[in-house]
>>> print(open('work_25.csv').read())   # CSV, C-alpha atoms
chain,number,residue,atom,x,y,z
P,1332,MET,CA,6.7,15.4,4.5
P,1333,HIS,CA,8.8,12.7,2.9
P,1334,SER,CA,8.7,11.1,-0.5
P,1335,SER,CA,9.2,7.7,-1.9
P,1336,LEU,CA,12.7,6.3,-1.8
P,1337,LYS,CA,12.7,5.7,-5.5
P,1338,ASN,CA,10.9,8.7,-7.0
P,1339,ASP,CA,9.3,12.0,-6.0
P,1340,THR,CA,5.9,10.5,-5.2
P,1341,THR,CA,4.2,11.0,-1.9
P,1342,TYR,CA,1.9,8.2,-0.9
P,1343,LYS,CA,-1.3,8.8,1.1
P,1344,VAL,CA,-3.1,6.6,3.6
P,1345,ILE,CA,-6.8,7.3,3.1
P,1346,LYS,CA,-9.5,6.3,5.7
P,1347,LEU,CA,-12.9,6.0,4.1
P,1348,ILE,CA,-16.3,6.4,5.9
P,1349,ASN,CA,-17.1,2.8,5.1
P,1350,GLY,CA,-14.2,1.7,7.3
P,1351,GLU,CA,-11.8,0.8,4.6
P,1352,THR,CA,-8.2,2.1,4.7
P,1353,ILE,CA,-6.3,2.4,1.4
P,1354,ILE,CA,-2.8,3.5,0.4
P,1355,ALA,CA,-2.3,5.2,-3.0
P,1356,SER,CA,-0.5,7.8,-4.9
P,1357,LEU,CA,-2.5,11.0,-4.9
P,1358,THR,CA,-2.6,12.4,-8.5
P,1359,SER,CA,-5.0,15.3,-8.1
P,1360,ASP,CA,-6.9,17.1,-5.4
P,1361,ASP,CA,-9.8,19.5,-6.2
P,1362,ALA,CA,-12.6,21.0,-4.2
P,1363,ASN,CA,-14.9,18.0,-4.3
P,1364,ASP,CA,-12.7,15.0,-5.3
P,1365,ILE,CA,-9.3,13.4,-5.1
P,1366,GLU,CA,-7.8,11.2,-7.7
P,1367,VAL,CA,-5.6,8.3,-6.7
P,1368,GLN,CA,-3.5,5.9,-8.7
P,1369,GLU,CA,-3.1,2.2,-7.9
P,1370,PRO,CA,-4.9,2.1,-4.6
P,1371,LEU,CA,-4.4,-0.9,-2.4
P,1372,LEU,CA,-6.6,-2.0,0.5
P,1373,MET,CA,-4.8,-2.2,3.9
P,1374,THR,CA,-5.9,-4.9,6.3
P,1375,VAL,CA,-4.3,-5.5,9.7
P,1376,GLU,CA,-4.4,-9.1,10.9
P,1377,ARG,CA,-4.2,-9.7,14.7
P,1378,PRO,CA,-3.5,-13.3,15.6
P,1379,GLU,CA,-5.8,-14.9,18.1
P,1380,SER,CA,-3.2,-17.0,19.8
P,1381,ASP,CA,-1.2,-15.7,22.8
P,1382,SER,CA,2.1,-17.1,21.5
P,1383,ASN,CA,2.2,-14.7,18.5
P,1384,LYS,CA,1.5,-11.2,19.7
P,1385,GLY,CA,2.6,-9.4,16.5
P,1386,GLU,CA,0.3,-7.9,13.8
P,1387,SER,CA,0.7,-8.3,10.1
P,1388,LEU,CA,-0.3,-5.8,7.4
P,1389,ASN,CA,-1.8,-7.2,4.3
P,1390,LEU,CA,-2.2,-5.2,1.1
P,1391,SER,CA,-4.6,-6.3,-1.6
P,1392,ARG,CA,-6.1,-4.7,-4.8
P,1393,TRP,CA,-8.9,-2.4,-3.9
P,1394,ILE,CA,-11.0,-2.2,-7.1
P,1395,GLU,CA,-8.6,-3.4,-9.8
P,1396,PRO,CA,-9.7,-7.1,-9.8
P,1397,HIS,CA,-13.0,-5.8,-11.3
P,1398,THR,CA,-11.5,-3.2,-13.7
P,1399,GLU,CA,-8.3,-2.5,-15.6
P,1400,GLN,CA,-8.6,1.2,-14.6
P,1401,LYS,CA,-5.6,2.5,-12.7
P,1402,TYR,CA,-6.9,5.9,-11.6
P,1403,PHE,CA,-9.9,6.4,-9.4
P,1404,LYS,CA,-11.8,9.5,-8.2
P,1405,ILE,CA,-13.0,9.5,-4.6
P,1406,THR,CA,-15.4,12.1,-3.4
P,1407,LYS,CA,-14.1,14.0,-0.4
P,1408,SER,CA,-17.5,13.5,1.4
P,1409,SER,CA,-16.6,9.7,1.6
P,1410,ILE,CA,-13.2,10.4,3.2
P,1411,VAL,CA,-12.7,10.5,7.0
P,1412,THR,CA,-9.0,11.6,6.9
P,1413,THR,CA,-5.8,11.3,5.0
P,1414,ALA,CA,-2.2,11.0,6.1
P,1415,VAL,CA,1.2,10.8,4.5
P,1416,ALA,CA,2.4,7.2,4.5
P,1417,SER,CA,5.5,6.4,6.6
P,1418,ILE,CA,8.8,5.5,4.9
P,1419,GLY,CA,8.4,1.9,5.8
P,1420,LEU,CA,4.8,1.7,4.5
P,1421,SER,CA,5.8,3.5,1.3
P,1422,SER,CA,8.6,1.0,0.7
P,1423,TYR,CA,6.2,-2.0,1.4
P,1424,TYR,CA,3.6,-0.4,-1.0
P,1425,GLU,CA,6.3,0.0,-3.8
P,1426,TYR,CA,7.5,-3.6,-3.2
P,1427,PHE,CA,4.0,-5.0,-3.3
P,1428,LEU,CA,3.2,-3.0,-6.5
P,1429,LYS,CA,6.4,-4.3,-8.1
P,1430,LYS,CA,5.5,-7.9,-7.3
P,1431,LEU,CA,1.9,-7.4,-8.4
P,1432,HIS,CA,3.0,-6.0,-11.8
P,1433,ILE,CA,5.4,-8.9,-12.3
P,1434,TRP,CA,2.6,-11.3,-11.5
P,1435,GLN,CA,0.2,-9.5,-13.8
P,1436,ASP,CA,2.7,-9.5,-16.6
P,1437,THR,CA,3.5,-13.2,-16.3
P,1438,ASN,CA,-0.1,-14.3,-15.8
P,1439,LYS,CA,-2.0,-12.4,-18.5
P,1440,GLU,CA,-3.8,-15.6,-19.6
P,1441,PHE,CA,-5.2,-16.0,-16.1
P,1442,GLU,CA,-6.6,-12.5,-15.9
P,1443,PHE,CA,-9.8,-13.5,-14.2
P,1444,GLU,CA,-8.3,-15.7,-11.5
P,1445,THR,CA,-8.0,-14.4,-7.9
P,1446,TYR,CA,-4.6,-13.2,-6.8
P,1447,GLU,CA,-3.4,-14.3,-3.4
P,1448,GLU,CA,-1.5,-11.5,-1.8
P,1449,GLU,CA,1.7,-12.2,0.1
P,1450,ASP,CA,1.3,-12.0,3.8
P,1451,TYR,CA,4.1,-10.1,5.7
P,1452,ASN,CA,4.3,-9.3,9.3
P,1453,GLU,CA,5.9,-6.1,10.6
P,1454,GLU,CA,9.3,-7.9,11.3
P,1455,ASP,CA,9.5,-9.0,7.6
P,1456,ILE,CA,8.6,-5.5,6.4
P,1457,TYR,CA,11.2,-3.8,8.5
P,1458,GLU,CA,13.8,-6.4,7.7
P,1459,ASP,CA,13.2,-5.8,4.0
P,1460,LEU,CA,13.3,-2.1,4.5
P,1461,LEU,CA,16.6,-2.2,6.4
P,1462,ASN,CA,18.1,-4.4,3.8
P,1463,SER,CA,17.1,-2.1,1.0
P,1464,ILE,CA,18.5,1.1,2.7
P,1465,GLU,CA,22.2,1.7,2.0
P,1466,SER,CA,24.1,2.4,5.2
P,1467,ASN,CA,25.8,5.8,5.4
P,1468,GLY,CA,28.0,4.7,8.3
P,1469,LYS,CA,26.0,6.5,11.0
P,1470,THR,CA,24.3,4.7,13.8
P,1471,ILE,CA,20.7,5.6,14.5
P,1472,HIS,CA,19.4,5.0,18.1
>>> encode(input="work_25.csv", output="C-alpha cells")
Amino acid sequence: MHSSLKNDTTYKVIKLINGETIIASLTSDDANDIEVQEPLLMTVERPESDSNKGESLNLSRWIEPHTEQKYFKITKSSIVTTAVASIGLSSYYEYFLKKLHIWQDTNKEFEFETYEEEDYNEEDIYEDLLNSIESNGKTIH
C-alpha cells in the first residue's frame, strides 16, 4: 500500500451501490460505517468522436456544494468495494483539492455559485505527475 506523496494519508476509491465512484481520505472505519474527508466524485468522460480515443477523468465535489461539512459517514451497506488510489490518482486528487481550496478562499462572496471543475485528460494528469516527481537519476522501463 502506498501513501500520498506529500503526507502519510492513504486515499481510497469507493464504489457505491448507486453507481457513483468517489475518492477520499478515509478517517475512520468501524463495523457499520466509514468516515471520509473531502470526498470527490469521479466521472470518466469518453469522447464520441473517433479522432480522440482517450478518456478524461473529471473530479467534482460530491456533497460539499450543499453543505460546508468536510467529513461524511457512509454506511458499509451502501458500498460495493473500496481500493487504494494509485499514485497518479492520489496526486491528481491532491492537486484538485489544492486548486479547489484556492478557488474557495478567493471566491467566498460567491459561495452559492456553481464551481466549474477543470477538465484533464490522462495525458495531462501523467504529464503533471511526471513534472512533479523529482528524478533520482534512474530510468524506469
>>> residues_around(input="work_25.csv", residues="segment 1362-1375 of chain P", least_positions_apart="3", cutoff="9 Å", atoms="only C-alpha atoms", output="PyMOL selection string")
chain P and resi 1343-1344+1351-1359+1386-1395+1400-1408+1424+1428
>>> atom_distance(input="work_25.csv", atom1="atom CA of Leu1347 of chain P", atom2="atom CA of Ser1422 of chain P")
22.3 Å
>>> atom_distance(input="work_25.csv", atom1="atom CA of Gly1385 of chain P", atom2="atom CA of Phe1427 of chain P")
20.3 Å
>>> atom_distance(input="work_25.csv", atom1="atom CA of Ile1345 of chain P", atom2="atom CA of Glu1399 of chain P")
21.2 Å
>>> decode(input="work_25.csv", residues="segment 1372-1425 of chain P", atoms="C-alpha atoms", output="mmCIF file, in the first residue's frame")
data_model
loop_
_atom_site.group_PDB
_atom_site.id
_atom_site.type_symbol
_atom_site.label_atom_id
_atom_site.label_comp_id
_atom_site.auth_asym_id
_atom_site.auth_seq_id
_atom_site.Cartn_x
_atom_site.Cartn_y
_atom_site.Cartn_z
ATOM 1 C CA LEU P 1372 -16.987 12.380 -7.330
ATOM 2 C CA MET P 1373 -15.051 10.657 -10.123
ATOM 3 C CA THR P 1374 -16.513 10.778 -13.628
ATOM 4 C CA VAL P 1375 -14.833 9.271 -16.689
ATOM 5 C CA GLU P 1376 -15.640 11.001 -19.973
ATOM 6 C CA ARG P 1377 -15.312 9.005 -23.183
ATOM 7 C CA PRO P 1378 -15.370 11.114 -26.359
ATOM 8 C CA GLU P 1379 -17.806 10.052 -29.049
ATOM 9 C CA SER P 1380 -15.573 11.013 -31.970
ATOM 10 C CA ASP P 1381 -13.164 8.508 -33.490
ATOM 11 C CA SER P 1382 -10.374 11.083 -33.757
ATOM 12 C CA ASN P 1383 -9.930 11.337 -29.973
ATOM 13 C CA LYS P 1384 -9.779 7.883 -28.417
ATOM 14 C CA GLY P 1385 -8.558 8.972 -24.968
ATOM 15 C CA GLU P 1386 -10.583 9.211 -21.809
ATOM 16 C CA SER P 1387 -10.596 12.043 -19.327
ATOM 17 C CA LEU P 1388 -11.161 11.841 -15.599
ATOM 18 C CA ASN P 1389 -13.208 14.620 -14.054
ATOM 19 C CA LEU P 1390 -13.333 15.266 -10.325
ATOM 20 C CA SER P 1391 -16.114 17.323 -8.772
ATOM 21 C CA ARG P 1392 -17.398 17.991 -5.298
ATOM 22 C CA TRP P 1393 -19.602 15.140 -4.130
ATOM 23 C CA ILE P 1394 -21.817 16.727 -1.444
ATOM 24 C CA GLU P 1395 -19.932 19.879 -0.427
ATOM 25 C CA PRO P 1396 -21.779 22.275 -2.754
ATOM 26 C CA HIS P 1397 -24.788 21.688 -0.499
ATOM 27 C CA THR P 1398 -23.006 21.782 2.871
ATOM 28 C CA GLU P 1399 -19.855 23.155 4.459
ATOM 29 C CA GLN P 1400 -19.241 19.805 6.149
ATOM 30 C CA LYS P 1401 -15.886 18.183 5.298
ATOM 31 C CA TYR P 1402 -16.390 14.753 6.928
ATOM 32 C CA PHE P 1403 -19.055 12.262 5.889
ATOM 33 C CA LYS P 1404 -20.171 8.898 7.254
ATOM 34 C CA ILE P 1405 -21.037 6.262 4.665
ATOM 35 C CA THR P 1406 -22.785 3.086 5.747
ATOM 36 C CA LYS P 1407 -20.930 -0.027 4.647
ATOM 37 C CA SER P 1408 -24.158 -1.497 3.255
ATOM 38 C CA SER P 1409 -24.085 1.236 0.567
ATOM 39 C CA ILE P 1410 -20.535 0.366 -0.550
ATOM 40 C CA VAL P 1411 -19.774 -2.160 -3.290
ATOM 41 C CA THR P 1412 -15.981 -2.083 -2.887
ATOM 42 C CA THR P 1413 -13.007 0.076 -1.952
ATOM 43 C CA ALA P 1414 -9.468 0.236 -3.287
ATOM 44 C CA VAL P 1415 -6.311 2.186 -2.558
ATOM 45 C CA ALA P 1416 -5.927 5.012 -5.083
ATOM 46 C CA SER P 1417 -2.966 4.829 -7.465
ATOM 47 C CA ILE P 1418 -0.060 7.234 -7.060
ATOM 48 C CA GLY P 1419 -1.160 9.181 -10.158
ATOM 49 C CA LEU P 1420 -4.771 9.441 -8.993
ATOM 50 C CA SER P 1421 -3.622 10.458 -5.491
ATOM 51 C CA SER P 1422 -1.529 13.256 -6.991
ATOM 52 C CA TYR P 1423 -4.437 14.430 -9.159
ATOM 53 C CA TYR P 1424 -6.757 14.371 -6.113
ATOM 54 C CA GLU P 1425 -4.307 16.474 -4.087
#
